[in-house]
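Engineer: Before I ask anything, here is the structure I am working with.
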Amino acid sequence: MKITNKYHNSHSVNPGPKTISNIKKCAACGIVLALMLTGGAARAQWSGAATNLRYNDMSNWVGGDVNDTFVADSGTFGWGWSVYVENRKLPGDFNWNPARSVVTFVLQNVGTVTWTFDLAPTFNINSTDSSSNLAFGNSNNDNARLVFDLEDKALTVNTAINVSSYVDFINLSGLVKRGVKDWAFYRTVGSSGPIELLEGSLTFSGTGQLIGSGAVNAGYRTTLAVNSTVNALGSVPLNFRGAALNVSGATAQTTGTLNLLGGRSVIGASSDVTLAGLSRADGATLNVNLGAGKSVKISGDDSAVTDSLFGGAGADGTTKISIVTWATAENTTGVNGRGTDLVTYTKEGGFRALSATNGEYAALAGATALDNVSFDAAATVSADQTINALRASANQQLTISENQTLTVASGVIVGGANGFSFGGKGFLSSGSNPFIFSSGNNIGFYVENNGGLRNDITDNTKIGVIIANTGGGVTLRGTNVYTGVTVVQGQLIIDSEAALPRTTELRMDGGLASVSGNHYDGVEQLTGSGTLRFNNAGNANRLIVGKNLPVSLAAIGENNTLTVMSGGILAPGSTGGEGTGTLMLGVNVTKVVFDGGIFNADVSAAAADLITLANGGTLTIEDYDKSTLNVNFLNPEEAVVGASWFLTSGFTATVGSADDFNIVSANGFDYSLVFDNYNLRLTLDAIPEPSTLALLVTGAALWLITRRKKSER
């Protein structure tokens, strides 16, 4: 934020005489810098290109960026400052970037101080010292209220250091949270619009609570934390895509409906939690961490849970209890997503981890199709066997003999903190259900020859495997012949040429897929948001995306290259088809080649699906077999001619021409595509007449439903 000359001249600052007398010591707050401003309103902030500015020098009060070291005549004070504030109207953003600081903005007297904003502001809170933090408001005085009145504007906060706000936020039209660190609310947040938690964490502590009609939309690896003495979330809906709800403190909490949109979400219950309801998109998984004697219950619609119970419907204390197939549990606190136990559910008791000490797991030997099994010693399956679910409590190997099959009817396999492995020459089957793997450490499939994973699913668009594991990963070897989509929410390690079936869609749902050793593999589609990497720069790692790929891929593609061939689909973005997302190509991926393949991209007024190359490399567009770019504008009524988006980032070299893409628009729009600083930039050149837009919107909706099912367009 910069204060204009007109604004600055009409609201001059009187810093007092050029002495250190403005800086006073206080037993309660340490060094105090009093910002005493004329006109009854505190209008100024500090800025400057030089360092060590003297804040008793009026010439230094000229801007709105805080990016200096706090200095007094007697030396540097970069720690433990309190800054007095009064009523102020800010032109816009608030930028904080000192080298090192622990600073609190406080009210000098009791009463209410209000900050308002000319424009929807962004609070960019940064420091080169990670131990720095910033606080707004008086932490121990409810009679001194700092109020940020947004007057129906949206607020964006970007936190690279932790921020505590003893502030009443009122009249927000929405809140966007970015940055890896925490923003903690100790007082009321009133918002009529949604809370977008995109990075890091938001915490409601003290008497902090969220009031309003908007939902909390939380993305991958974000945390919504509640440690409040009041009911912090009330009836606000929670839309989670691989996010965590961490409830601690002595006060039980209720929320609105929890909607699991995708990814591996977590509830940490150090206090009792009651959800108004729960819904689940296909493929979403949940881990519930239960503190001693605590519960997670659903007061309203729980059909998404009860309908998924699978097993023998046995009573408590038996091995035939029905389990929630897409959930796991652990009797611990915090929000890790390991999931070391199977979980059951009742309306009265909520989610509960199965108990080995209470006899709720059977031994593998002699177990039947309705039994939940736990093994803690090396074992061999020497004949076909079916069980309900499998839990490993120790780092041991389960060997399946050649031509034999162990069927886990629910598809649910969980491991303890130490992981475990499968070996032999046989098969592990999930029957008609998808595999769901969760563990605190690696699950290894070190099977030989033609052994591996299989199932009885016949529709390749259905989910076949979910890697929900957030520990050491799931290592796939052997020849896996399962049908269906491979969903990666944790870590998948591809360790053989046939680790993935050729016809599968590798769908990144917030997770990490690694091609290991000297191996390469091929899939029909690579979609979603997450990270693909190659483990070793010197090895022959590669991934080929294409239709009707041969059994051997040795002659296809180049080392450390992602190749999209004829019929193959590369579709970064949201796993649920709503919004946009990013597919990250991580370490040792040095080249991407489009060789007749398909690139699907959603765009909106604000963003576009994006492919990011983390460490630089080459983007190649072959011209003898043209590739296709399918573009869908998510909200076509917001389209504006001239808008442009980058579809790639991080590339440092190109081969070929962007003109070698055939562009197909789901909305009937006209686009152009160019290389801009080695990356693909898409521009909207023309939009249809309003009379045809309604028909095009309908067509776009149908196209969106089927876009990832099509192998060619």
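To be explicit about the labels: the chains of the structure tokens are called A, B, and onward in the order shown, and within each one the residues are counted from 1, while ligands get numbers from 1 in the order they are shown.
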Do a neighbour search on Ser322 in chain A at 9 Å with only C-alpha atoms, toss out local chain neighbours closer than 2 positions, and write the hits as a ChimeraX atom specification.

Structural biologist: /A:309-315,320,324-325,343-345,370,372,388

Engineer: Calculated over only C-alpha atoms, which of the candidates A:Asn259, A:Asn418, A:Ser430, A:Thr251 has the smallest distance to Pro237 in chain A?

Structural biologist: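 Among the listed residues, the smallest separation from Pro237 in chain A belongs to A:Asn259.
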
Engineer: With distances taken over only C-alpha atoms, which of A:Ser514, A:Ser127, A:Thr458, A:Gln525 is nearest to Thr486 in chain A?

Structural biologist: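 Closest to Thr486 in chain A of all the choices is A:Gln525.
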
Engineer: Just asking: which residues within range 343-441 of chain A are strand (DSSP E or B) according to DSSP, as number ranges by chain?

Structural biologist: A: 343-346, 350-353, 362, 372-375, 379-381, 385-387, 389-392, 397-400, 405-408, 412-415, 420-424, 427-429, 435-439

Engineer: Take the residues from that selection and write them out as a CSV table (one decimal), in the first residue's frame, keeping N, CA and C atoms.

Structural biologist:
```
chain,number,residue,atom,x,y,z
A,343,VAL,N,-11.9,-48.8,11.2
A,343,VAL,CA,-12.9,-47.9,11.9
A,343,VAL,C,-14.3,-48.4,11.7
A,344,THR,N,-15.1,-48.4,12.7
A,344,THR,CA,-16.5,-48.6,12.6
A,344,THR,C,-17.3,-47.4,13.0
A,345,TYR,N,-18.6,-47.4,12.9
A,345,TYR,CA,-19.4,-46.2,13.2
A,345,TYR,C,-20.8,-46.6,13.6
A,346,THR,N,-21.3,-45.9,14.6
A,346,THR,CA,-22.7,-46.0,15.0
A,346,THR,C,-23.2,-44.6,15.3
A,350,GLY,N,-20.6,-42.7,17.3
A,350,GLY,CA,-19.8,-42.0,16.3
A,350,GLY,C,-18.7,-43.0,15.7
A,351,PHE,N,-17.6,-42.4,15.3
A,351,PHE,CA,-16.5,-43.2,14.8
A,351,PHE,C,-15.7,-43.8,15.9
A,352,ARG,N,-15.3,-45.1,15.7
A,352,ARG,CA,-14.5,-45.8,16.7
A,352,ARG,C,-13.5,-46.7,16.0
A,353,ALA,N,-12.3,-46.7,16.5
A,353,ALA,CA,-11.2,-47.6,16.0
A,353,ALA,C,-11.5,-49.0,16.6
A,362,ALA,N,-9.2,-60.9,14.0
A,362,ALA,CA,-9.0,-62.3,13.9
A,362,ALA,C,-7.6,-62.6,13.4
A,372,ASN,N,-12.4,-59.4,10.1
A,372,ASN,CA,-11.3,-58.4,10.1
A,372,ASN,C,-10.1,-59.0,10.7
A,373,VAL,N,-9.0,-59.0,9.9
A,373,VAL,CA,-7.8,-59.7,10.3
A,373,VAL,C,-6.6,-58.8,10.6
A,374,SER,N,-5.8,-59.2,11.6
A,374,SER,CA,-4.6,-58.5,11.9
A,374,SER,C,-3.5,-59.5,12.0
A,375,PHE,N,-2.3,-59.2,11.4
A,375,PHE,CA,-1.2,-60.1,11.6
A,375,PHE,C,0.0,-59.3,12.1
A,379,ALA,N,3.8,-64.5,7.6
A,379,ALA,CA,2.8,-65.5,7.3
A,379,ALA,C,2.8,-65.8,5.8
A,380,THR,N,2.2,-67.0,5.5
A,380,THR,CA,2.1,-67.4,4.1
A,380,THR,C,0.7,-67.8,3.8
A,381,VAL,N,0.1,-67.3,2.7
A,381,VAL,CA,-1.2,-67.7,2.2
A,381,VAL,C,-0.9,-68.8,1.1
A,385,GLN,N,-8.0,-67.6,-0.3
A,385,GLN,CA,-8.6,-67.2,1.0
A,385,GLN,C,-9.3,-65.8,0.8
A,386,THR,N,-10.4,-65.6,1.5
A,386,THR,CA,-11.1,-64.4,1.5
A,386,THR,C,-11.3,-63.9,2.9
A,387,ILE,N,-11.0,-62.6,3.2
A,387,ILE,CA,-11.3,-62.0,4.5
A,387,ILE,C,-12.0,-60.7,4.2
A,389,ALA,N,-11.2,-57.4,5.9
A,389,ALA,CA,-10.2,-56.3,5.8
A,389,ALA,C,-8.9,-56.8,6.5
A,390,LEU,N,-7.9,-56.1,6.2
A,390,LEU,CA,-6.5,-56.5,6.7
A,390,LEU,C,-5.8,-55.4,7.4
A,391,ARG,N,-5.3,-55.7,8.6
A,391,ARG,CA,-4.5,-54.7,9.3
A,391,ARG,C,-3.1,-55.4,9.7
A,392,ALA,N,-2.1,-54.7,9.5
A,392,ALA,CA,-0.7,-55.2,9.9
A,392,ALA,C,-0.3,-54.4,11.1
A,397,GLN,N,6.3,-59.6,6.6
A,397,GLN,CA,5.9,-59.9,5.2
A,397,GLN,C,4.9,-61.0,5.1
A,398,LEU,N,3.9,-60.7,4.3
A,398,LEU,CA,2.8,-61.7,4.1
A,398,LEU,C,3.1,-62.2,2.7
A,399,THR,N,3.4,-63.5,2.6
A,399,THR,CA,3.7,-64.1,1.3
A,399,THR,C,2.5,-64.8,0.7
A,400,ILE,N,2.2,-64.6,-0.5
A,400,ILE,CA,1.1,-65.3,-1.2
A,400,ILE,C,1.7,-66.2,-2.3
A,405,THR,N,-4.6,-66.6,-4.4
A,405,THR,CA,-5.2,-65.3,-4.3
A,405,THR,C,-5.7,-65.1,-2.9
A,406,LEU,N,-5.2,-64.0,-2.2
A,406,LEU,CA,-5.8,-63.5,-1.0
A,406,LEU,C,-6.8,-62.4,-1.4
A,407,THR,N,-8.1,-62.6,-1.1
A,407,THR,CA,-9.1,-61.5,-1.5
A,407,THR,C,-9.5,-60.8,-0.2
A,408,VAL,N,-9.3,-59.5,-0.2
A,408,VAL,CA,-9.7,-58.6,0.9
A,408,VAL,C,-11.0,-57.9,0.4
A,412,VAL,N,-9.9,-52.8,2.0
A,412,VAL,CA,-9.3,-51.9,3.0
A,412,VAL,C,-8.0,-52.7,3.6
A,413,ILE,N,-6.9,-52.0,3.5
A,413,ILE,CA,-5.6,-52.6,4.0
A,413,ILE,C,-4.9,-51.4,4.7
A,414,VAL,N,-4.7,-51.6,6.0
A,414,VAL,CA,-4.0,-50.6,6.8
A,414,VAL,C,-2.8,-51.2,7.5
A,415,GLY,N,-1.8,-50.4,7.7
A,415,GLY,CA,-0.5,-50.8,8.4
A,415,GLY,C,-0.2,-49.9,9.5
A,420,PHE,N,4.6,-52.7,6.3
A,420,PHE,CA,4.7,-54.1,6.1
A,420,PHE,C,4.8,-54.3,4.6
A,421,SER,N,4.9,-55.6,4.2
A,421,SER,CA,5.1,-55.9,2.8
A,421,SER,C,4.4,-57.2,2.4
A,422,PHE,N,4.2,-57.3,1.1
A,422,PHE,CA,3.7,-58.5,0.5
A,422,PHE,C,4.8,-59.1,-0.4
A,423,GLY,N,4.8,-60.4,-0.5
A,423,GLY,CA,5.8,-61.1,-1.4
A,423,GLY,C,5.2,-62.3,-2.0
A,424,GLY,N,6.0,-63.1,-2.7
A,424,GLY,CA,5.6,-64.3,-3.4
A,424,GLY,C,5.2,-64.1,-4.8
A,427,PHE,N,-1.5,-63.4,-6.0
A,427,PHE,CA,-2.3,-62.2,-6.2
A,427,PHE,C,-3.0,-61.7,-4.9
A,428,LEU,N,-3.1,-60.4,-4.8
A,428,LEU,CA,-3.9,-59.8,-3.8
A,428,LEU,C,-5.1,-59.1,-4.5
A,429,SER,N,-6.3,-59.5,-4.1
A,429,SER,CA,-7.5,-59.0,-4.8
A,429,SER,C,-8.4,-58.2,-3.9
A,435,PHE,N,-9.2,-51.1,-3.9
A,435,PHE,CA,-8.2,-51.1,-2.8
A,435,PHE,C,-8.1,-49.7,-2.2
A,436,ILE,N,-8.0,-49.7,-0.9
A,436,ILE,CA,-7.7,-48.4,-0.1
A,436,ILE,C,-6.6,-48.8,0.8
A,437,PHE,N,-5.4,-48.2,0.6
A,437,PHE,CA,-4.2,-48.4,1.4
A,437,PHE,C,-3.9,-47.2,2.3
A,438,SER,N,-3.7,-47.5,3.6
A,438,SER,CA,-3.3,-46.5,4.6
A,438,SER,C,-2.3,-47.1,5.5
A,439,SER,N,-1.3,-46.3,5.9
A,439,SER,CA,-0.3,-46.9,6.8
A,439,SER,C,0.6,-45.7,7.3
```

Engineer: Can you tell me how far CA of Gly617 in chain A sits from CA of Leu506 in chain A, in Å to one decimal?

Structural biologist: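 These two atoms are separated by 22.6 Å.
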
Engineer: If we count only C-alpha atoms, what is near range 622-635 of chain A at a cut-off of 7 Å, once residues fewer than 6 positions away on the same chain are taken out, given as a ChimeraX atom specification?

Structural biologist: /A:594-604,656,660-667,700

Engineer: Just to be explicit: take each residue in the selection above, keep N, CA and C atoms, and write the result as an mmCIF file, in the first residue's frame.

Structural biologist:
```cif
data_model
loop_
_atom_site.group_PDB
_atom_site.id
_atom_site.type_symbol
_atom_site.label_atom_id
_atom_site.label_comp_id
_atom_site.auth_asym_id
_atom_site.auth_seq_id
_atom_site.Cartn_x
_atom_site.Cartn_y
_atom_site.Cartn_z
ATOM 1 N N PHE A 594 4.753 -33.312 -26.025
ATOM 2 C CA PHE A 594 3.422 -33.572 -26.580
ATOM 3 C C PHE A 594 3.613 -34.126 -27.990
ATOM 4 N N ASP A 595 3.228 -35.379 -28.180
ATOM 5 C CA ASP A 595 3.434 -36.070 -29.447
ATOM 6 C C ASP A 595 2.115 -36.706 -29.884
ATOM 7 N N GLY A 596 1.139 -35.838 -30.224
ATOM 8 C CA GLY A 596 -0.168 -36.321 -30.640
ATOM 9 C C GLY A 596 -1.142 -36.539 -29.508
ATOM 10 N N GLY A 597 -0.785 -36.110 -28.296
ATOM 11 C CA GLY A 597 -1.644 -36.317 -27.136
ATOM 12 C C GLY A 597 -2.666 -35.219 -26.939
ATOM 13 N N ILE A 598 -3.390 -35.317 -25.830
ATOM 14 C CA ILE A 598 -4.488 -34.407 -25.510
ATOM 15 C C ILE A 598 -4.169 -33.682 -24.202
ATOM 16 N N PHE A 599 -4.329 -32.366 -24.210
ATOM 17 C CA PHE A 599 -4.116 -31.517 -23.040
ATOM 18 C C PHE A 599 -5.464 -30.887 -22.709
ATOM 19 N N ASN A 600 -6.063 -31.277 -21.569
ATOM 20 C CA ASN A 600 -7.332 -30.701 -21.124
ATOM 21 C C ASN A 600 -7.064 -29.627 -20.082
ATOM 22 N N ALA A 601 -7.647 -28.450 -20.268
ATOM 23 C CA ALA A 601 -7.436 -27.350 -19.327
ATOM 24 C C ALA A 601 -8.743 -26.626 -19.066
ATOM 25 N N ASP A 602 -9.076 -26.465 -17.780
ATOM 26 C CA ASP A 602 -10.162 -25.587 -17.359
ATOM 27 C C ASP A 602 -9.589 -24.207 -17.076
ATOM 28 N N VAL A 603 -10.347 -23.160 -17.429
ATOM 29 C CA VAL A 603 -9.957 -21.799 -17.095
ATOM 30 C C VAL A 603 -11.157 -21.100 -16.467
ATOM 31 N N SER A 604 -10.866 -20.075 -15.693
ATOM 32 C CA SER A 604 -11.898 -19.216 -15.121
ATOM 33 C C SER A 604 -11.420 -17.786 -15.253
ATOM 34 N N GLY A 656 9.796 -26.753 -31.072
ATOM 35 C CA GLY A 656 8.541 -26.760 -31.802
ATOM 36 C C GLY A 656 7.791 -25.456 -31.650
ATOM 37 N N ASP A 660 1.284 -25.845 -33.153
ATOM 38 C CA ASP A 660 1.081 -27.261 -33.443
ATOM 39 C C ASP A 660 0.072 -27.915 -32.511
ATOM 40 N N PHE A 661 -0.596 -27.138 -31.676
ATOM 41 C CA PHE A 661 -1.768 -27.592 -30.932
ATOM 42 C C PHE A 661 -3.029 -27.236 -31.713
ATOM 43 N N ASN A 662 -3.935 -28.180 -31.860
ATOM 44 C CA ASN A 662 -5.297 -27.881 -32.297
ATOM 45 C C ASN A 662 -6.112 -27.483 -31.072
ATOM 46 N N ILE A 663 -6.678 -26.290 -31.083
ATOM 47 C CA ILE A 663 -7.425 -25.799 -29.923
ATOM 48 C C ILE A 663 -8.910 -26.066 -30.135
ATOM 49 N N VAL A 664 -9.521 -26.743 -29.170
ATOM 50 C CA VAL A 664 -10.954 -27.039 -29.205
ATOM 51 C C VAL A 664 -11.588 -26.416 -27.963
ATOM 52 N N SER A 665 -12.582 -25.576 -28.146
ATOM 53 C CA SER A 665 -13.243 -24.892 -27.032
ATOM 54 C C SER A 665 -14.586 -25.532 -26.737
ATOM 55 N N ALA A 666 -14.824 -25.863 -25.480
ATOM 56 C CA ALA A 666 -16.121 -26.401 -25.075
ATOM 57 C C ALA A 666 -17.214 -25.345 -25.116
ATOM 58 N N ASN A 667 -16.828 -24.059 -25.151
ATOM 59 C CA ASN A 667 -17.790 -22.968 -25.087
ATOM 60 C C ASN A 667 -17.981 -22.257 -26.416
ATOM 61 N N ALA A 700 -21.057 -27.018 -22.604
ATOM 62 C CA ALA A 700 -19.868 -27.062 -21.750
ATOM 63 C C ALA A 700 -20.084 -27.969 -20.558
#
```

Engineer: Mind giving me the straight-line distance from CA of Val589 in chain A to CA of Ile544 in chain A in Å, one decimal?

Structural biologist: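 Separation of CA of Val589 in chain A and CA of Ile544 in chain A: 12.5 Å.
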
Engineer: Name the residues in contact with Thr618 in chain A at a cut-off of 10 Å, using only C-alpha atoms, excluding same-chain residues fewer than 4 positions from it; report them as a ChimeraX atom specification.

Structural biologist: /A:561,589-593,613,650-655,678-679

Engineer: How many Å separate CA of Ala225 in chain A from CA of Asn141 in chain A?

Structural biologist: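 A separation of 23.3 Å between them.
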
Engineer: Would you mind telling me which residue in A:Val180, A:Leu119, A:Ala608, A:Ala540 lies nearest to Lys89 in chain A when using only C-alpha atoms?

Structural biologist: A:Leu119

Engineer: Got a sec: who's within 10 Å of Asn442 in chain A, counting only C-alpha atoms, leaving out chain neighbours fewer than 3 positions off, as a list in words?

Structural biologist: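 My reading of the contact set: Asn395, Gly415, Gly416, Ala417, Asn418, Gly419, Phe420, Ser421, Ser438, Ser439, Phe445, Asn469, Thr470, Gly471, Gly472, Gly473, Val474, Thr475, Gln491, Leu492 and Ile493 of chain A.
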
Engineer: Write out as a ChimeraX atom specification the set of residues from range 194-430 of chain A that DSSP, computed on the backbone, places in alpha helix (DSSP H).

Structural biologist: /A:303-306

Engineer: With C-alpha atoms retained, could you export that selection as a short mmCIF file (atom, residue, chain, number, x, y, z; two decimals), in the first residue's frame?

Structural biologist:
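Generated output (result.cif):
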```cif
data_model
loop_
_atom_site.label_atom_id
_atom_site.label_comp_id
_atom_site.auth_asym_id
_atom_site.auth_seq_id
_atom_site.Cartn_x
_atom_site.Cartn_y
_atom_site.Cartn_z
CA SER A 303 -26.09 -41.94 5.34
CA ALA A 304 -22.76 -41.42 3.56
CA VAL A 305 -21.19 -43.33 6.45
CA THR A 306 -23.84 -45.93 7.20
#
```

Engineer: I'd like the contact shell of Val157 in chain A - 8 Å cut-off, only C-alpha atoms, skipping same-chain residues fewer than 3 positions apart - returned as an MDAnalysis selection string.

Structural biologist: chainID A and resid 122:125 175:179

Engineer: Name the closest residue to Gly334 in chain A among the candidates A:Leu570, A:Leu224, A:Ala499, A:Ala409; distances are taken between atoms, counting only C-alpha atoms.

Structural biologist: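 Distance minimum relative to Gly334 in chain A lands on A:Leu224.
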
Engineer: When you look at Phe117 in chain A with a cut-off of 9 Å (counting only C-alpha atoms), what residues show up, excluding the ones that are within fewer than 3 positions of it in the same chain? I need them as a CSV table (one decimal) with N, CA, C and O atoms, in the first residue's frame.

Structural biologist:
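See around.csv below for the written result:
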```csv
chain,number,residue,atom,x,y,z
A,88,ARG,N,-8.0,4.5,11.8
A,88,ARG,CA,-7.4,4.7,10.6
A,88,ARG,C,-8.2,4.2,9.4
A,88,ARG,O,-8.9,3.2,9.5
A,89,LYS,N,-8.0,4.9,8.2
A,89,LYS,CA,-8.6,4.4,7.0
A,89,LYS,C,-7.4,4.1,6.1
A,89,LYS,O,-6.7,5.1,5.7
A,90,LEU,N,-7.2,2.9,5.7
A,90,LEU,CA,-6.1,2.5,4.8
A,90,LEU,C,-6.5,2.5,3.4
A,90,LEU,O,-7.6,2.0,3.0
A,91,PRO,N,-5.7,3.0,2.5
A,91,PRO,CA,-6.0,3.0,1.1
A,91,PRO,C,-6.2,1.5,0.5
A,91,PRO,O,-6.9,1.3,-0.5
A,92,GLY,N,-5.5,0.6,1.1
A,92,GLY,CA,-5.6,-0.8,0.6
A,92,GLY,C,-4.7,-1.7,1.4
A,92,GLY,O,-4.9,-1.9,2.5
A,93,ASP,N,-3.7,-2.3,0.7
A,93,ASP,CA,-2.9,-3.4,1.3
A,93,ASP,C,-2.1,-3.0,2.5
A,93,ASP,O,-1.7,-1.8,2.6
A,120,ALA,N,-10.5,-3.5,-1.3
A,120,ALA,CA,-10.4,-4.8,-0.6
A,120,ALA,C,-8.9,-5.1,-0.4
A,120,ALA,O,-8.1,-5.2,-1.3
A,121,PRO,N,-8.5,-5.2,0.9
A,121,PRO,CA,-7.1,-5.3,1.2
A,121,PRO,C,-6.5,-6.7,1.2
A,121,PRO,O,-7.2,-7.7,1.4
A,148,PHE,N,-11.6,-4.4,12.6
A,148,PHE,CA,-11.4,-4.2,11.1
A,148,PHE,C,-12.7,-4.3,10.4
A,148,PHE,O,-13.3,-5.4,10.4
A,149,ASP,N,-13.2,-3.2,10.0
A,149,ASP,CA,-14.5,-3.1,9.3
A,149,ASP,C,-14.3,-3.1,7.8
A,149,ASP,O,-13.8,-2.1,7.2
A,150,LEU,N,-14.6,-4.2,7.1
A,150,LEU,CA,-14.3,-4.4,5.7
A,150,LEU,C,-15.4,-3.8,4.8
A,150,LEU,O,-15.2,-3.7,3.6
A,151,GLU,N,-16.5,-3.4,5.4
A,151,GLU,CA,-17.6,-2.7,4.7
A,151,GLU,C,-17.9,-3.5,3.4
A,151,GLU,O,-18.0,-2.9,2.3
A,153,LYS,N,-16.3,-5.8,1.9
A,153,LYS,CA,-15.1,-6.1,1.0
A,153,LYS,C,-14.5,-7.5,1.4
A,153,LYS,O,-14.7,-7.9,2.6
```
